[in-house]
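One structure below.
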Amino acid sequence: MKLQLTSGDSFSIRKGQTVLGALKEAEFYLVASCGGKGTCGKCRIRIIDGSFEVKGSGKLTAEERKKGFVLACQTIPLADLIIEVPEDSKLTVGDKIAISKGRDLFELLLSLGGDISPLVRYLDLNLPHPTIIDNISDLERLKRALKDKGLEGLRFSNRFLKDLSGALRKNDWDIRVHYADCLGCSLAETGTVTSGTNSLEALFISAQKDTPRYGIAVDIGTTTVVVYLVNLDDGRIVDVGSTYNSQIRYGDDVITRIIYATEKNGLEELTKAVIEDINTITNSMATRHSINKEDILSATIAGNTTMSHIFWGLDPGSIREEPYIPTVNFFPVWRAGTAGLNINPQAPVYTIPCVASYVGGDIVAGVLASRMHRHPEISLFMDIGTNGEIVVGNNEWLMTAACSAGPCFEGSGIKSGMRATKGAIEEIRFNPNTLEPEFSVIGNGKPIGICGSGMIDAISEMFLNGIIDQKGKFIKERTKRIREGDDGPEYVFYEDRRGETTFSIVLTEPDIENIMRAKAAIYAGVSLILKEAGLDLNSIEKVYIAGGFGNYLNPRKAILLGMLPDLPVDRFVFLGNTSIAGAYLCLLSKRMRKEAEEISQKMTYMELSVSRGFMDEYLSALFLPHTELERFPSVMEILKGASPL
């Protein structure tokens, strides 16, 4: 059977296969936040011609069903099918990913006292040619030369020895030996590595040359993948690449992907997807700068616990089941060839250690980059994303927790929600006289949806202008923009007539409830961890906000929503993507890798899901901004008209 798009593209489809599955195989991707379970309603398509079977209609409206719209994940063709794919159903790449500046990161490395000491080191040797008299083996000849240079006890793998004879003769015995901390061990096991121990391993032999050595620092986010190509000799960032994490084809959030990983071939598909993302970015950067992949000699990976497990092909299933135990927190240093990275196959790959099931290497990297672990002042670190991770502490102690905010700020579960890509409403204000919304759109074109920062703006502004009450319910008589929709009352931000249908961008009451649950989880997590630490808000001198989403957050609006604690705005520091910053630091510096290990071991993890107090805090936070309004004195001043927003 054939699946034909109105754009002219045509794909094959097997009997019993869904439209979403066929398009995915053809690398034509639709938004499928729920992983194709039929619950999110994002993979809308319109049937133009052909017979088909529909298993479910999810969140499609009665008007959409009447006009021929179906969900691609729930539709099985019975014959050749012609379909139309709306723009808002297509998975768009190229969002506003916040990445740190190279020079700033190098200065951060120097300020932290980190020297340039990458995982891979080398030693140039000029070996005497073998003779009938000097007839020891190639390996003994190499060991003798290394000993003369003061380097003993190296381990030699089978792979190294297979290449040894040819490499020595090809380079006429004038060679460069590359070696690293023991592969197969974690730094926590090897400790401080020095010459003369058996915790060093020979990697490969190359010619003696003056060309630069390179490495890659990788942030594997649930939503995005960011790669830095770094000169290992001077710390310079040569290039930066980023894309969506292709695993979003299988679901938006960590739990959905863990479930998918437990299905047949699921883990292999998820691992392959993210490896291909990293390789695609790395290949394009290497080509652009005429760099041979053999000269990319090391890699550092930062990701949450699930992303790190999937990268290495480790089963993440136990992470979501009580007592929530991962396979590993301290990852051995394995070879790039084992992972399938398209760099030197012998290159060591350092994975920033995790803390627990839902606090991973990305948070350890973030704390490292924030420097909060070095200062006596008590700071709060928040990574606001699909999972809201929180760290509180200083140079003496660190406590951490994770709360499941869900992917609503990425658009999942929100009727008109989308990621921060072209066409997303990202900022909203209401005219106080007319109560009409005024908004800005990414790309300055027609809007096709609303992203996380727009949602926060919208709800806080609607609350401020009396369009919704403290429970997030619409006050219908306040504006004619509130209408009754399929999911109950909804506020219409934008409407556009498109052919036979009217395209609308709305926020429904269930949308607002979804966002309020997410913000309540984040705030409850902060409240509880401070309570456990015996602190109040006045104890917090700095609040570090990490994550790409946090970079576009308006702190005043987030406080008004009740997501961020009510503190003076000047205490909030927006750091952008601290995961990639920490990965860069660990790629270049032995001291930074050691500090990352110390941070992960130092953190006390608090499992909120089994805490009695969390539900109480959460329920109290399910209001705007909170049940106890006195926790938000600045909001009280705004509502009284005594202070402007």
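Ordering of the structure tokens sets the chain letters (A, B, ...), residue numbers begin anew at 1 in every chain, and ligands are numbered from 1 in the order given.
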Neighbouring residues of range 400-407 of chain A were defined as those with any atom within 8 Å, considering only C-alpha atoms; residues of the same chain fewer than 4 positions away were excluded. Please report them as a VMD selection string. chain A and resid 252 to 253 358 to 359 385 to 392 411 to 413 517 to 519 521 to 522 525 529 603 to 608
Please produce a file of the residues just selected, as a short mmCIF file (atom, residue, chain, number, x, y, z; two decimals), in the first residue's frame, where the atoms kept are N, CA, C and O atoms.
data_model
loop_
_atom_site.label_atom_id
_atom_site.label_comp_id
_atom_site.auth_asym_id
_atom_site.auth_seq_id
_atom_site.Cartn_x
_atom_site.Cartn_y
_atom_site.Cartn_z
N ASP A 252 7.67 12.49 24.80
CA ASP A 252 8.26 13.74 25.25
C ASP A 252 9.05 13.64 26.53
O ASP A 252 10.03 14.34 26.71
N ASP A 253 8.61 12.79 27.43
CA ASP A 253 9.18 12.83 28.78
C ASP A 253 9.95 11.56 29.10
O ASP A 253 9.89 10.56 28.38
N TYR A 358 16.52 10.26 39.61
CA TYR A 358 16.03 11.43 38.89
C TYR A 358 16.89 12.67 39.07
O TYR A 358 16.47 13.77 38.74
N VAL A 359 18.09 12.50 39.60
CA VAL A 359 19.08 13.58 39.62
C VAL A 359 20.33 13.02 38.97
O VAL A 359 20.99 12.14 39.52
N GLY A 385 12.67 22.16 33.75
CA GLY A 385 12.40 21.48 32.49
C GLY A 385 11.35 20.43 32.72
O GLY A 385 10.50 20.55 33.60
N THR A 386 11.41 19.37 31.92
CA THR A 386 10.46 18.27 32.08
C THR A 386 10.53 17.71 33.50
O THR A 386 9.52 17.40 34.12
N ASN A 387 11.77 17.57 33.99
CA ASN A 387 11.96 17.23 35.40
C ASN A 387 12.51 18.47 36.10
O ASN A 387 13.49 19.05 35.64
N GLY A 388 11.90 18.86 37.20
CA GLY A 388 12.41 20.01 37.93
C GLY A 388 13.37 19.55 39.00
O GLY A 388 12.95 19.00 40.02
N GLU A 389 14.66 19.72 38.74
CA GLU A 389 15.67 19.31 39.73
C GLU A 389 16.08 20.52 40.57
O GLU A 389 16.23 21.63 40.04
N ILE A 390 16.28 20.27 41.85
CA ILE A 390 16.57 21.34 42.81
C ILE A 390 17.77 20.92 43.65
O ILE A 390 17.86 19.77 44.08
N VAL A 391 18.68 21.85 43.87
CA VAL A 391 19.81 21.62 44.77
C VAL A 391 19.91 22.82 45.70
O VAL A 391 19.80 23.97 45.26
N VAL A 392 20.11 22.58 46.98
CA VAL A 392 20.34 23.66 47.93
C VAL A 392 21.59 23.33 48.74
O VAL A 392 21.86 22.15 49.02
N GLY A 411 5.06 22.09 25.70
CA GLY A 411 3.88 22.04 24.84
C GLY A 411 3.06 20.78 24.94
O GLY A 411 1.95 20.72 24.42
N SER A 412 3.58 19.75 25.60
CA SER A 412 2.88 18.48 25.66
C SER A 412 1.71 18.57 26.64
O SER A 412 1.85 19.11 27.74
N GLY A 413 0.55 18.04 26.24
CA GLY A 413 -0.62 18.06 27.10
C GLY A 413 -1.35 19.39 27.10
O GLY A 413 -2.32 19.56 27.83
N ARG A 517 -0.41 22.46 37.97
CA ARG A 517 0.14 21.26 38.62
C ARG A 517 1.66 21.23 38.49
O ARG A 517 2.37 20.86 39.44
N ALA A 518 2.15 21.62 37.32
CA ALA A 518 3.60 21.64 37.10
C ALA A 518 4.28 22.66 37.99
O ALA A 518 5.30 22.37 38.64
N LYS A 519 3.72 23.86 38.05
CA LYS A 519 4.34 24.91 38.87
C LYS A 519 4.24 24.56 40.35
O LYS A 519 5.14 24.87 41.15
N ALA A 521 4.31 21.54 41.61
CA ALA A 521 5.32 20.52 41.90
C ALA A 521 6.69 21.16 42.11
O ALA A 521 7.43 20.80 43.03
N ILE A 522 7.01 22.14 41.26
CA ILE A 522 8.31 22.81 41.37
C ILE A 522 8.38 23.59 42.69
O ILE A 522 9.37 23.48 43.43
N GLY A 525 8.56 21.29 45.70
CA GLY A 525 9.89 20.71 45.83
C GLY A 525 10.85 21.66 46.51
O GLY A 525 11.61 21.27 47.41
N ILE A 529 12.39 20.93 50.33
CA ILE A 529 13.84 20.73 50.51
C ILE A 529 14.42 21.78 51.46
O ILE A 529 15.32 21.50 52.24
N MET A 603 26.26 15.04 47.51
CA MET A 603 24.83 15.37 47.50
C MET A 603 24.01 14.35 48.29
O MET A 603 24.14 13.14 48.08
N THR A 604 23.16 14.85 49.15
CA THR A 604 22.17 14.02 49.83
C THR A 604 20.88 14.07 49.02
O THR A 604 20.33 15.16 48.79
N TYR A 605 20.43 12.91 48.57
CA TYR A 605 19.24 12.87 47.71
C TYR A 605 17.99 12.66 48.55
O TYR A 605 17.95 11.79 49.43
N MET A 606 16.98 13.43 48.24
CA MET A 606 15.70 13.34 48.95
C MET A 606 14.65 12.85 47.95
O MET A 606 14.39 13.51 46.94
N GLU A 607 14.05 11.71 48.21
CA GLU A 607 13.03 11.15 47.32
C GLU A 607 11.67 11.73 47.69
O GLU A 607 11.05 11.35 48.69
N LEU A 608 11.19 12.69 46.89
CA LEU A 608 9.97 13.40 47.21
C LEU A 608 8.73 12.52 47.12
O LEU A 608 7.74 12.75 47.81
#
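Taking range 55-164 of chain A and asking which residues DSSP calls strand (DSSP E) on the backbone, you get Phe69, Val70, Leu71, Thr75, Ile76, Pro77, Leu81, Ile82, Ile83, Glu84, Val120, Arg121, Tyr122, Leu123, Asp124, Leu125, Asn126, Arg155 and Phe156 of chain A.
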Can you tell me, as number ranges by chain, which residues in range 160-295 of chain A count as alpha helix (DSSP H) by DSSP? A: 160-170, 187-190, 254-261, 266-288
Just how far from CA of Arg249 in chain A is CA of Glu64 in chain A, in Å to one decimal?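 The value is 23.6 Å.
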Contacts of Lys24 in chain A within 10 Å, only C-alpha atoms, excl. fewer than 6 positions in-chain, as a list in words: Thr18, Leu30, Arg249 and Tyr250 of chain A
Atoms to include: N, CA, C and O atoms. Write the selected residues as a compact mmCIF listing (two decimals), in the first residue's frame.
# COMPACT_ATOMS: atom_id res chain seq x y z
N THR A 18 0.36 1.73 11.48
CA THR A 18 -0.28 3.04 11.61
C THR A 18 0.38 4.05 10.67
O THR A 18 1.54 3.87 10.25
N LEU A 30 6.21 13.49 12.91
CA LEU A 30 5.12 14.30 13.45
C LEU A 30 5.33 14.49 14.95
O LEU A 30 6.04 13.72 15.59
N ARG A 249 10.60 11.35 19.14
CA ARG A 249 9.69 10.60 18.27
C ARG A 249 8.95 9.53 19.07
O ARG A 249 7.87 9.08 18.69
N TYR A 250 9.55 9.12 20.18
CA TYR A 250 8.99 8.02 20.96
C TYR A 250 8.33 8.50 22.26
O TYR A 250 7.90 7.68 23.07
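The neighbours of Glu263 in chain A here are the residues that come within 12 Å of it, using only C-alpha atoms and leaving out any residue fewer than 6 positions away in the same chain; they are Tyr250, Thr256, Arg257, Glu269, Leu270, Asp315, Pro316 and Gly317 of chain A.
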Residue with the minimum atom-to-atom distance to Lys415 in chain A, picked from A:Tyr228, A:Phe614, A:Tyr491, A:Phe463 with only C-alpha atoms counted, is A:Tyr491
Distance query range 241-245 of chain A at most 6 Å, only C-alpha atoms, self and fewer than 5 positions along chain excluded, as a VMD selection string: chain A and resid 223 to 227 281
Could you save the residues just selected, with N, CA and C atoms, as a PDB file, in the first residue's frame?
ATOM      1  N   THR A 223      14.970  16.986  25.717  1.00  0.00           N
ATOM      2  CA  THR A 223      14.428  17.641  24.525  1.00  0.00           C
ATOM      3  C   THR A 223      15.488  17.923  23.471  1.00  0.00           C
ATOM      4  N   THR A 224      16.670  18.354  23.886  1.00  0.00           N
ATOM      5  CA  THR A 224      17.685  18.772  22.924  1.00  0.00           C
ATOM      6  C   THR A 224      19.021  18.072  23.172  1.00  0.00           C
ATOM      7  N   VAL A 225      19.822  18.052  22.123  1.00  0.00           N
ATOM      8  CA  VAL A 225      21.199  17.562  22.201  1.00  0.00           C
ATOM      9  C   VAL A 225      22.106  18.704  21.750  1.00  0.00           C
ATOM     10  N   VAL A 226      23.112  19.020  22.568  1.00  0.00           N
ATOM     11  CA  VAL A 226      24.069  20.080  22.247  1.00  0.00           C
ATOM     12  C   VAL A 226      25.467  19.478  22.260  1.00  0.00           C
ATOM     13  N   VAL A 227      26.271  19.816  21.251  1.00  0.00           N
ATOM     14  CA  VAL A 227      27.634  19.296  21.143  1.00  0.00           C
ATOM     15  C   VAL A 227      28.596  20.467  20.949  1.00  0.00           C
ATOM     16  N   ILE A 281      25.759  15.869  14.248  1.00  0.00           N
ATOM     17  CA  ILE A 281      26.315  17.174  14.618  1.00  0.00           C
ATOM     18  C   ILE A 281      27.841  17.158  14.518  1.00  0.00           C
TER      19      ILE A 281
END
